2 protein chains.
Amino acid sequence: MNFEAVTIKDIARELGISASAVSKALKDSYEISEKTKKAVLECAKRLNYRPNPMAQSLKRGNSKSLGIVISTIDNNFFAQVINGMESVAYSKNYNVIMTQTHESYDLEVSNVQHLTIRAIDGLLISLSNETRDLDHLKKLHDKGLPIVFFDRVTDEIETHKVIADNFKGAYEATNSLINAGYRKIAHITSSPHVSITDDRLNGFRLAMSENNIPLNEQFVKYCLHGGRDLNEIEKALTELLCSPDRPDALFTASDRITTTTLSLLHKMGFKIPDDIALLGFTNTSLADVLNPSLSSVYQPAFEMGKKATEMLIGLIESKRPVTEFEKVVLPTEVIIRDSSKPVLVHK
Amino acid sequence: MNFEAVTIKDIARELGISASAVSKALKDSYEISEKTKKAVLECAKRLNYRPNPMAQSLKRGNSKSLGIVISTIDNNFFAQVINGMESVAYSKNYNVIMTQTHESYDLEVSNVQHLTIRAIDGLLISLSNETRDLDHLKKLHDKGLPIVFFDRVTDEIETHKVIADNFKGAYEATNSLINAGYRKIAHITSSPHVSITDDRLNGFRLAMSENNIPLNEQFVKYCLHGGRDLNEIEKALTELLCSPDRPDALFTASDRITTTTLSLLHKMGFKIPDDIALLGFTNTSLADVLNPSLSSVYQPAFEMGKKATEMLIGLIESKRPVTEFEKVVLPTEVIIRDSSKPVLVHK
DNA sequence: CAAATTTGCCTTACCGGTTAATTTTAGTAC
DNA sequence: GTACTAAAATTAACCGGTAAGGCAAATTTG
């Protein structure tokens, strides 16, 4: 079932002129007389002519589409990022084509393939938790595909990057837990291979050491799949909580991990913050109305999406090769709520 | 900055054969000798040849892209729907191109324009809250563009539709409130112009009348923008709650309205369910850990996305015009939690 | 009034891939 | 050696739009 369209030739035939005259008339070229232009415009309107984007793309060598690769859209943070991306792309007349990796390296590779096969003008990507090898992206980048990394970035490819201030967010979050009287703080984070993990872990470590609190290395738990499946978080929690010397606070490092941890703590019967405090990265708008209200590190996700997309379109539309790259760091915001209430208040 | 690609001509030049021979070899045509095929395949692999999708699309007249129009992605329900759509599209080698209406009719029209200008093979759409006039879609549908409606559908266009059992969900939800002892039940819903509003309102009405509970018409509040902005929900709540004869329970009709209502009730200082009970449509995975845990009507969003996409691809790939259309109704699930605890228990 | 310039449009080639029509090549038969 | 056929490859047209270059008619210039 094909959806037939009016072409430039239909207009040309109708008016008894050549196709190129129509094309030029539509572009308001100086070569075409006002009379003809008027006739063409009228006819185009009457027949509801729309230029075929594929023909234009083929001719011009661009597609006016941006590829987005994220782990999953069913996540407050990423949904907001995409929201921001779409808003900029739309205003600059680009589409966004979205694919999800579900934290799988293979899916990431095949998604990137899929997108470039489909001809995108640039790529916005947050690496999957499994990704270690960046060859699939390096090759494309070397060939000239503009790429902007956001959220989970890499040093191995020189291009623009947009991240939140993960280090500072983690540092301040940890400090707030310490100031609230917690000492045995555990950290549940994503795979050690993604950039945000290091940044957040380092912020956590620094806050601990500055306060002379020895860090029990058993208290740092990695979720290799970024909490994609419940089991890995459940395992981490069980290991942490079913031991004699268990932590009194949890600092969780990603949206999915934070909300899942909250759910699991409920299910396991832990009272927050009495049995254990919780503070984590999350962008859920429901933090205030969770039980208990959830202390969180908020990232400006919408702005991240906007900024990354602006930079990408900048790269795409740049007349000359870009050699100076920016790494934009957006501020995070630590918001203390009841899930990390000071120990004195409740104990 | 353009990203040069290997074309069929590069292979032809390399092997000293014609472009069409290469094309045919890649398609494993009987016209080409095994020897040549092997050489072409080897060369294509070596040069990492990828056919230019725009050239193929131009020739074949399709784009292997599906357009998605939703109100906003920053919403549990829609994020899950898109997740389902993407999964099917990807497996069948289509892209999804997403745009958001933010509940605006003008944006819906311009998004649909934008998408069809960009050449999509089919459209998946959930109407905006503002949409009353369907001309923009009727025109396209008449021209042969395959469309599948999901969630917010219309009777004015004959095609496949996928919805949740909104009527039954609302009916059961209302009944559960009544069984829990609530009598003064108010309903906060979206614009009266969208299909889901009627269905849900009717379910609500039936449950009320079957239980011989007169319905105070002041207790039905419409949010013309579907809760896009807080203000309209705030206004509805103020009107409902700042009156001498106020409701003892709220039944909210959409994801955004439900979660926003919960937030606002908190902010206004109402205790749930003691001061007022709450039960609403929402797909948040956090329902269990909200304060209080939130009774909800859950829709199989992922399945809705999957089903709608399967049907759309069915339409697109159908050899003959489709004249029999299906309206798939997926079951909703009412899950009772603390926000609508029986009156006797807590009063 | 012829030459020079401008105006307005047409012809043609191209983007990359596909395919119908055609030609070349190789092989077989007589 | 000619005739015929099958196999293998080429040429050319096409998808729809764009743009360089060409050309005839109209207008300006000396």
# chains A, B, ... in the order shown; residues from 1 in each chain; ligands from 1

call {"tool": "interface_residues", "arguments": {"of": "chain D", "to": "chain A", "cutoff": "7 Å", "atoms": "only C-alpha atoms (C1' of nucleotides)", "output": "PDB file with C-alpha atoms (C1' of nucleotides), in the first residue's frame"}}
result
ATOM      1  C1'  DG D  16      12.564  12.948  -7.254  1.00  0.00           C
ATOM      2  C1'  DG D  17      15.029  16.886  -6.696  1.00  0.00           C
ATOM      3  C1'  DT D  18      18.979  20.022  -7.706  1.00  0.00           C
TER       4       DT D  18
END

call {"tool": "interface_residues", "arguments": {"of": "chain C", "to": "chain B", "cutoff": "10 Å", "atoms": "only C-alpha atoms (C1' of nucleotides)", "output": "mmCIF file with C-alpha atoms (C1' of nucleotides), in the first residue's frame"}}
result
data_model
loop_
_atom_site.group_PDB
_atom_site.id
_atom_site.type_symbol
_atom_site.label_atom_id
_atom_site.label_comp_id
_atom_site.auth_asym_id
_atom_site.auth_seq_id
_atom_site.Cartn_x
_atom_site.Cartn_y
_atom_site.Cartn_z
ATOM 1 C "C1'" DC C 15 23.093 11.761 -6.057
ATOM 2 C "C1'" DG C 16 23.220 5.832 -5.231
ATOM 3 C "C1'" DG C 17 20.817 1.920 -6.106
ATOM 4 C "C1'" DT C 18 17.669 -1.042 -8.948
ATOM 5 C "C1'" DT C 19 16.142 -3.414 -12.933
#

call {"tool": "closest_atom_pairs", "arguments": {"of": "chain B", "to": "chain A", "cutoff": "8 Å", "atoms": "only C-alpha atoms", "output": "JSON lines"}}
result
{"residue": "B:Met1", "atom": "CA", "partner": "A:Ile316", "partner_atom": "CA", "distance": 6.1}
{"residue": "B:Asn2", "atom": "CA", "partner": "A:Gly144", "partner_atom": "CA", "distance": 6.4}
{"residue": "B:Phe3", "atom": "CA", "partner": "A:Gly144", "partner_atom": "CA", "distance": 4.7}
{"residue": "B:Glu4", "atom": "CA", "partner": "A:Lys143", "partner_atom": "CA", "distance": 6.9}
{"residue": "B:Arg50", "atom": "CA", "partner": "A:Ile117", "partner_atom": "CA", "distance": 6.3}
{"residue": "B:Pro51", "atom": "CA", "partner": "A:Ile117", "partner_atom": "CA", "distance": 7.3}
{"residue": "B:Asn52", "atom": "CA", "partner": "A:Ile117", "partner_atom": "CA", "distance": 7.0}
{"residue": "B:Pro53", "atom": "CA", "partner": "A:Arg118", "partner_atom": "CA", "distance": 5.5}
{"residue": "B:Met54", "atom": "CA", "partner": "A:Met54", "partner_atom": "CA", "distance": 5.3}
{"residue": "B:Ala55", "atom": "CA", "partner": "A:Leu58", "partner_atom": "CA", "distance": 6.1}
{"residue": "B:Ser57", "atom": "CA", "partner": "A:Met54", "partner_atom": "CA", "distance": 6.7}
{"residue": "B:Leu58", "atom": "CA", "partner": "A:Met54", "partner_atom": "CA", "distance": 5.7}
{"residue": "B:Gly61", "atom": "CA", "partner": "A:Asn2", "partner_atom": "CA", "distance": 7.7}
{"residue": "B:Asn62", "atom": "CA", "partner": "A:Asn2", "partner_atom": "CA", "distance": 8.0}
{"residue": "B:Thr72", "atom": "CA", "partner": "A:Asn83", "partner_atom": "CA", "distance": 7.6}
{"residue": "B:Ile73", "atom": "CA", "partner": "A:Ala79", "partner_atom": "CA", "distance": 5.9}
{"residue": "B:Asp74", "atom": "CA", "partner": "A:Ala79", "partner_atom": "CA", "distance": 5.2}
{"residue": "B:Asn75", "atom": "CA", "partner": "A:Ala79", "partner_atom": "CA", "distance": 7.9}
{"residue": "B:Asn76", "atom": "CA", "partner": "A:Asp74", "partner_atom": "CA", "distance": 6.9}
{"residue": "B:Ala79", "atom": "CA", "partner": "A:Asp74", "partner_atom": "CA", "distance": 5.2}
{"residue": "B:Gln80", "atom": "CA", "partner": "A:Asp74", "partner_atom": "CA", "distance": 5.8}
{"residue": "B:Ile82", "atom": "CA", "partner": "A:Ile73", "partner_atom": "CA", "distance": 7.9}
{"residue": "B:Asn83", "atom": "CA", "partner": "A:Ile73", "partner_atom": "CA", "distance": 6.6}
{"residue": "B:Glu86", "atom": "CA", "partner": "A:Thr99", "partner_atom": "CA", "distance": 7.0}
{"residue": "B:Asn95", "atom": "CA", "partner": "A:Ile97", "partner_atom": "CA", "distance": 6.6}
{"residue": "B:Val96", "atom": "CA", "partner": "A:Ile97", "partner_atom": "CA", "distance": 5.9}
{"residue": "B:Ile97", "atom": "CA", "partner": "A:Ile97", "partner_atom": "CA", "distance": 4.8}
{"residue": "B:Met98", "atom": "CA", "partner": "A:Val96", "partner_atom": "CA", "distance": 6.5}
{"residue": "B:Thr99", "atom": "CA", "partner": "A:Glu86", "partner_atom": "CA", "distance": 7.0}
{"residue": "B:Gln100", "atom": "CA", "partner": "A:Glu86", "partner_atom": "CA", "distance": 7.9}
{"residue": "B:Ile117", "atom": "CA", "partner": "A:Arg50", "partner_atom": "CA", "distance": 6.5}
{"residue": "B:Arg118", "atom": "CA", "partner": "A:Pro53", "partner_atom": "CA", "distance": 5.4}
{"residue": "B:Ala119", "atom": "CA", "partner": "A:Pro53", "partner_atom": "CA", "distance": 6.6}
{"residue": "B:Lys143", "atom": "CA", "partner": "A:Phe3", "partner_atom": "CA", "distance": 5.9}
{"residue": "B:Gly144", "atom": "CA", "partner": "A:Phe3", "partner_atom": "CA", "distance": 4.7}
{"residue": "B:Leu145", "atom": "CA", "partner": "A:Phe3", "partner_atom": "CA", "distance": 5.5}
{"residue": "B:Thr259", "atom": "CA", "partner": "A:Leu286", "partner_atom": "CA", "distance": 7.4}
{"residue": "B:Leu262", "atom": "CA", "partner": "A:Val289", "partner_atom": "CA", "distance": 7.2}
{"residue": "B:Ser263", "atom": "CA", "partner": "A:Val289", "partner_atom": "CA", "distance": 6.0}
{"residue": "B:His266", "atom": "CA", "partner": "A:Val289", "partner_atom": "CA", "distance": 7.1}
{"residue": "B:Leu286", "atom": "CA", "partner": "A:Ser263", "partner_atom": "CA", "distance": 7.3}
{"residue": "B:Asp288", "atom": "CA", "partner": "A:Ser263", "partner_atom": "CA", "distance": 7.2}
{"residue": "B:Val289", "atom": "CA", "partner": "A:Asn291", "partner_atom": "CA", "distance": 5.6}
{"residue": "B:Leu290", "atom": "CA", "partner": "A:Leu290", "partner_atom": "CA", "distance": 4.0}
{"residue": "B:Asn291", "atom": "CA", "partner": "A:Asn291", "partner_atom": "CA", "distance": 4.5}
{"residue": "B:Pro292", "atom": "CA", "partner": "A:Asn291", "partner_atom": "CA", "distance": 6.8}
{"residue": "B:Ser293", "atom": "CA", "partner": "A:Asn291", "partner_atom": "CA", "distance": 7.8}
{"residue": "B:Leu315", "atom": "CA", "partner": "A:Met1", "partner_atom": "CA", "distance": 7.7}
{"residue": "B:Ile316", "atom": "CA", "partner": "A:Met1", "partner_atom": "CA", "distance": 6.2}
{"residue": "B:Glu317", "atom": "CA", "partner": "A:Met1", "partner_atom": "CA", "distance": 7.2}
{"residue": "B:Ser318", "atom": "CA", "partner": "A:Met1", "partner_atom": "CA", "distance": 6.8}
{"residue": "B:Lys319", "atom": "CA", "partner": "A:Met1", "partner_atom": "CA", "distance": 6.7}
{"residue": "B:Arg320", "atom": "CA", "partner": "A:Met1", "partner_atom": "CA", "distance": 7.0}
{"residue": "B:Pro321", "atom": "CA", "partner": "A:Met1", "partner_atom": "CA", "distance": 6.5}

call {"tool": "write_last_selection", "arguments": {"atoms": "N, CA and C atoms", "output": "short mmCIF file (atom, residue, chain, number, x, y, z; two decimals), in the first residue's frame"}}
result
data_model
loop_
_atom_site.label_atom_id
_atom_site.label_comp_id
_atom_site.auth_asym_id
_atom_site.auth_seq_id
_atom_site.Cartn_x
_atom_site.Cartn_y
_atom_site.Cartn_z
N MET B 1 30.55 19.21 7.21
CA MET B 1 31.34 18.00 7.46
C MET B 1 30.56 16.78 7.03
N ASN B 2 30.94 16.24 5.95
CA ASN B 2 30.20 15.06 5.53
C ASN B 2 31.00 13.80 5.58
N PHE B 3 30.30 12.84 5.88
CA PHE B 3 30.69 11.53 6.26
C PHE B 3 30.58 10.70 4.99
N GLU B 4 31.76 10.59 4.30
CA GLU B 4 31.73 9.91 3.00
C GLU B 4 31.52 8.41 3.15
N ARG B 50 27.95 -0.22 2.83
CA ARG B 50 26.56 -0.24 3.31
C ARG B 50 25.72 0.48 2.27
N PRO B 51 24.66 -0.14 1.83
CA PRO B 51 23.84 0.54 0.83
C PRO B 51 23.28 1.83 1.40
N ASN B 52 23.21 2.82 0.58
CA ASN B 52 22.66 4.10 0.99
C ASN B 52 21.13 3.98 1.09
N PRO B 53 20.62 4.10 2.32
CA PRO B 53 19.19 3.86 2.52
C PRO B 53 18.33 4.87 1.79
N MET B 54 18.88 6.07 1.59
CA MET B 54 18.06 7.08 0.94
C MET B 54 17.90 6.76 -0.53
N ALA B 55 18.96 6.25 -1.12
CA ALA B 55 18.86 5.85 -2.52
C ALA B 55 17.86 4.70 -2.66
N SER B 57 15.45 3.96 -0.60
CA SER B 57 14.11 4.43 -0.31
C SER B 57 13.53 5.16 -1.51
N LEU B 58 14.36 5.97 -2.12
CA LEU B 58 13.90 6.74 -3.26
C LEU B 58 13.43 5.80 -4.36
N GLY B 61 10.46 3.62 -2.88
CA GLY B 61 9.29 4.37 -2.45
C GLY B 61 8.86 4.12 -1.03
N ASN B 62 9.76 3.59 -0.21
CA ASN B 62 9.43 3.49 1.21
C ASN B 62 10.63 3.95 2.03
N THR B 72 3.86 13.32 25.55
CA THR B 72 5.22 13.55 26.05
C THR B 72 5.83 12.23 26.48
N ILE B 73 7.11 12.15 26.31
CA ILE B 73 7.80 10.92 26.64
C ILE B 73 8.11 10.84 28.13
N ASP B 74 8.03 11.99 28.77
CA ASP B 74 8.39 12.05 30.19
C ASP B 74 7.16 11.67 31.01
N ASN B 75 6.77 10.43 30.87
CA ASN B 75 5.52 9.94 31.42
C ASN B 75 5.65 8.42 31.40
N ASN B 76 5.45 7.80 32.53
CA ASN B 76 5.69 6.37 32.63
C ASN B 76 4.97 5.59 31.54
N ALA B 79 6.42 6.24 27.97
CA ALA B 79 7.77 5.70 27.86
C ALA B 79 7.71 4.19 27.65
N GLN B 80 6.81 3.55 28.38
CA GLN B 80 6.68 2.10 28.25
C GLN B 80 6.08 1.71 26.89
N ILE B 82 6.40 3.35 24.10
CA ILE B 82 7.45 3.54 23.10
C ILE B 82 8.48 2.43 23.17
N ASN B 83 8.75 2.03 24.37
CA ASN B 83 9.66 0.91 24.58
C ASN B 83 9.16 -0.31 23.79
N GLU B 86 9.43 0.36 19.99
CA GLU B 86 10.80 0.29 19.50
C GLU B 86 11.24 -1.17 19.36
N ASN B 95 12.86 1.94 11.74
CA ASN B 95 13.20 2.91 12.79
C ASN B 95 11.95 3.47 13.35
N VAL B 96 12.05 4.03 14.51
CA VAL B 96 10.95 4.86 14.98
C VAL B 96 11.45 6.29 15.07
N ILE B 97 10.62 7.18 14.58
CA ILE B 97 10.91 8.61 14.66
C ILE B 97 9.85 9.20 15.57
N MET B 98 10.31 9.78 16.66
CA MET B 98 9.37 10.19 17.69
C MET B 98 9.17 11.70 17.75
N THR B 99 7.95 12.12 17.94
CA THR B 99 7.72 13.54 18.20
C THR B 99 6.67 13.69 19.29
N GLN B 100 6.74 14.80 19.99
CA GLN B 100 5.85 15.04 21.13
C GLN B 100 4.93 16.22 20.85
N ILE B 117 6.39 14.73 5.86
CA ILE B 117 7.34 15.36 4.97
C ILE B 117 8.63 14.55 4.96
N ARG B 118 8.98 14.04 6.10
CA ARG B 118 10.22 13.26 6.21
C ARG B 118 10.05 11.83 5.72
N ALA B 119 8.86 11.56 5.24
CA ALA B 119 8.63 10.24 4.67
C ALA B 119 8.70 9.13 5.69
N LYS B 143 -5.08 9.48 1.59
CA LYS B 143 -4.04 9.34 0.58
C LYS B 143 -3.34 8.00 0.68
N GLY B 144 -3.65 7.26 1.73
CA GLY B 144 -3.09 5.92 1.82
C GLY B 144 -2.03 5.72 2.89
N LEU B 145 -1.81 6.72 3.72
CA LEU B 145 -0.82 6.51 4.78
C LEU B 145 -1.40 5.59 5.85
N THR B 259 -0.15 11.19 39.33
CA THR B 259 1.05 11.45 40.11
C THR B 259 1.11 12.91 40.56
N LEU B 262 -1.14 13.34 43.54
CA LEU B 262 -0.50 12.85 44.75
C LEU B 262 0.46 13.90 45.31
N SER B 263 1.27 14.46 44.43
CA SER B 263 2.22 15.49 44.88
C SER B 263 1.50 16.68 45.49
N HIS B 266 -0.02 16.11 48.92
CA HIS B 266 1.05 16.21 49.92
C HIS B 266 1.31 17.66 50.27
N LEU B 286 6.78 2.81 40.73
CA LEU B 286 7.02 3.21 42.11
C LEU B 286 5.75 3.18 42.96
N ASP B 288 4.22 1.06 44.60
CA ASP B 288 4.36 0.35 45.88
C ASP B 288 5.09 1.14 46.94
N VAL B 289 5.97 2.00 46.50
CA VAL B 289 6.81 2.70 47.47
C VAL B 289 6.46 4.17 47.60
N LEU B 290 5.31 4.53 47.12
CA LEU B 290 4.87 5.90 47.31
C LEU B 290 4.28 6.03 48.71
N ASN B 291 4.07 7.26 49.11
CA ASN B 291 3.55 7.52 50.44
C ASN B 291 2.17 8.15 50.32
N PRO B 292 1.11 7.45 50.57
CA PRO B 292 1.08 6.01 50.83
C PRO B 292 1.20 5.25 49.52
N SER B 293 1.38 3.94 49.63
CA SER B 293 1.43 3.14 48.41
C SER B 293 0.15 3.43 47.63
N LEU B 315 -0.19 -3.46 8.23
CA LEU B 315 -0.83 -2.61 7.23
C LEU B 315 0.15 -2.20 6.14
N ILE B 316 1.33 -1.80 6.57
CA ILE B 316 2.33 -1.32 5.62
C ILE B 316 2.72 -2.42 4.63
N GLU B 317 2.88 -3.61 5.17
CA GLU B 317 3.42 -4.67 4.33
C GLU B 317 2.34 -5.51 3.64
N SER B 318 1.10 -5.18 3.92
CA SER B 318 0.01 -5.93 3.30
C SER B 318 0.02 -5.73 1.79
N LYS B 319 -0.15 -6.82 1.08
CA LYS B 319 -0.11 -6.74 -0.39
C LYS B 319 -1.40 -6.11 -0.93
N ARG B 320 -2.50 -6.40 -0.26
CA ARG B 320 -3.78 -5.89 -0.76
C ARG B 320 -4.35 -4.87 0.23
N PRO B 321 -5.19 -3.96 -0.24
CA PRO B 321 -5.77 -2.97 0.66
C PRO B 321 -6.51 -3.65 1.82
#

call {"tool": "select_by_dssp", "arguments": {"residues": "segment 6-70 of chain A", "states": "helix (DSSP H, G or I)", "output": "ChimeraX atom specification"}}
result
/A:8-15,19-26,34-47,53-60

call {"tool": "atom_distance", "arguments": {"atom1": "atom CA of Ser339 of chain A", "atom2": "atom CA of Ile272 of chain A"}}
result
5.8 Å

call {"tool": "closest_residue", "arguments": {"among": "C:DA29, C:DC9, C:DA3, C:DA21", "to": "Thr36 of chain A", "atoms": "only C-alpha atoms (C1' of nucleotides)"}}
result
C:DC9

call {"tool": "atom_distance", "arguments": {"atom1": "atom CA of Ser110 of chain B", "atom2": "atom CA of Lys38 of chain A"}}
result
24.8 Å

call {"tool": "select_by_dssp", "arguments": {"residues": "segment 72-168 of chain A", "states": "strand (DSSP E or B)", "output": "list in words"}}
result
Asn95, Val96, Ile97, Met98, Thr99, Gln100, Gly122, Leu123, Leu124, Ile125, Ile147, Val148, Phe149, Phe150, Lys161, Val162, Ile163 and Ala164 of chain A

call {"tool": "atom_distance", "arguments": {"atom1": "atom CA of Ile313 of chain B", "atom2": "atom CA of Glu108 of chain B"}}
result
22.0 Å

call {"tool": "residues_around", "arguments": {"residues": "DC23 of chain D", "least_positions_apart": "6", "cutoff": "12 Å", "atoms": "only C-alpha atoms (C1' of nucleotides)", "output": "PyMOL selection string"}}
result
chain C and resi 7-11

call {"tool": "write_last_selection", "arguments": {"atoms": "C-alpha atoms (C1' of nucleotides)", "output": "mmCIF file, in the first residue's frame"}}
result
data_model
loop_
_atom_site.group_PDB
_atom_site.id
_atom_site.type_symbol
_atom_site.label_atom_id
_atom_site.label_comp_id
_atom_site.auth_asym_id
_atom_site.auth_seq_id
_atom_site.Cartn_x
_atom_site.Cartn_y
_atom_site.Cartn_z
ATOM 1 C "C1'" DT C 7 16.129 37.530 -18.687
ATOM 2 C "C1'" DG C 8 13.793 33.253 -18.461
ATOM 3 C "C1'" DC C 9 13.656 28.872 -19.215
ATOM 4 C "C1'" DC C 10 15.402 24.235 -20.871
ATOM 5 C "C1'" DT C 11 18.723 20.406 -21.237
#

call {"tool": "residues_around", "arguments": {"residues": "Leu240 of chain A", "least_positions_apart": "2", "cutoff": "12 Å", "atoms": "only C-alpha atoms (C1' of nucleotides)", "output": "NGL selection string"}}
result
:A and (184-188 or 216-222 or 233-238 or 242-250 or 261 or 265 or 276)

call {"tool": "write_last_selection", "arguments": {"atoms": "C-alpha atoms", "output": "JSON list (two decimals), in the first residue's frame"}}
result
[["chain", "number", "residue", "atom", "x", "y", "z"],
["A", 184, "LYS", "CA", 28.85, 3.01, 57.60],
["A", 185, "ILE", "CA", 27.95, 4.11, 54.13],
["A", 186, "ALA", "CA", 27.72, 1.65, 51.28],
["A", 187, "HIS", "CA", 27.71, 2.55, 47.61],
["A", 188, "ILE", "CA", 25.77, 0.64, 44.98],
["A", 216, "ASN", "CA", 35.04, -0.81, 53.79],
["A", 217, "GLU", "CA", 35.71, -2.03, 50.27],
["A", 218, "GLN", "CA", 33.03, -4.64, 50.72],
["A", 219, "PHE", "CA", 30.64, -1.73, 50.87],
["A", 220, "VAL", "CA", 31.10, -0.84, 47.22],
["A", 221, "LYS", "CA", 28.88, -2.96, 45.03],
["A", 222, "TYR", "CA", 28.91, -2.92, 41.27],
["A", 233, "ILE", "CA", 20.60, -5.18, 42.82],
["A", 234, "GLU", "CA", 18.91, -7.75, 45.00],
["A", 235, "LYS", "CA", 22.16, -9.64, 45.26],
["A", 236, "ALA", "CA", 24.08, -6.51, 46.20],
["A", 237, "LEU", "CA", 21.52, -5.62, 48.84],
["A", 238, "THR", "CA", 21.45, -9.09, 50.30],
["A", 242, "CYS", "CA", 22.43, -9.78, 55.61],
["A", 243, "SER", "CA", 25.73, -9.44, 57.37],
["A", 244, "PRO", "CA", 26.56, -8.73, 60.99],
["A", 245, "ASP", "CA", 28.32, -5.48, 60.27],
["A", 246, "ARG", "CA", 25.90, -3.89, 57.90],
["A", 247, "PRO", "CA", 25.86, -0.36, 56.56],
["A", 248, "ASP", "CA", 23.63, 2.29, 58.08],
["A", 249, "ALA", "CA", 23.24, 4.20, 54.82],
["A", 250, "LEU", "CA", 23.16, 3.49, 51.11],
["A", 261, "THR", "CA", 16.75, -0.25, 45.79],
["A", 265, "LEU", "CA", 14.23, -2.32, 50.81],
["A", 276, "ILE", "CA", 19.05, 2.15, 56.79]]

call {"tool": "residues_around", "arguments": {"residues": "Lys35 of chain B", "least_positions_apart": "6", "cutoff": "12 Å", "atoms": "only C-alpha atoms (C1' of nucleotides)", "output": "MDAnalysis selection string"}}
result
(chainID B and resid 15 25 28 41:42) or (chainID D and resid 8)
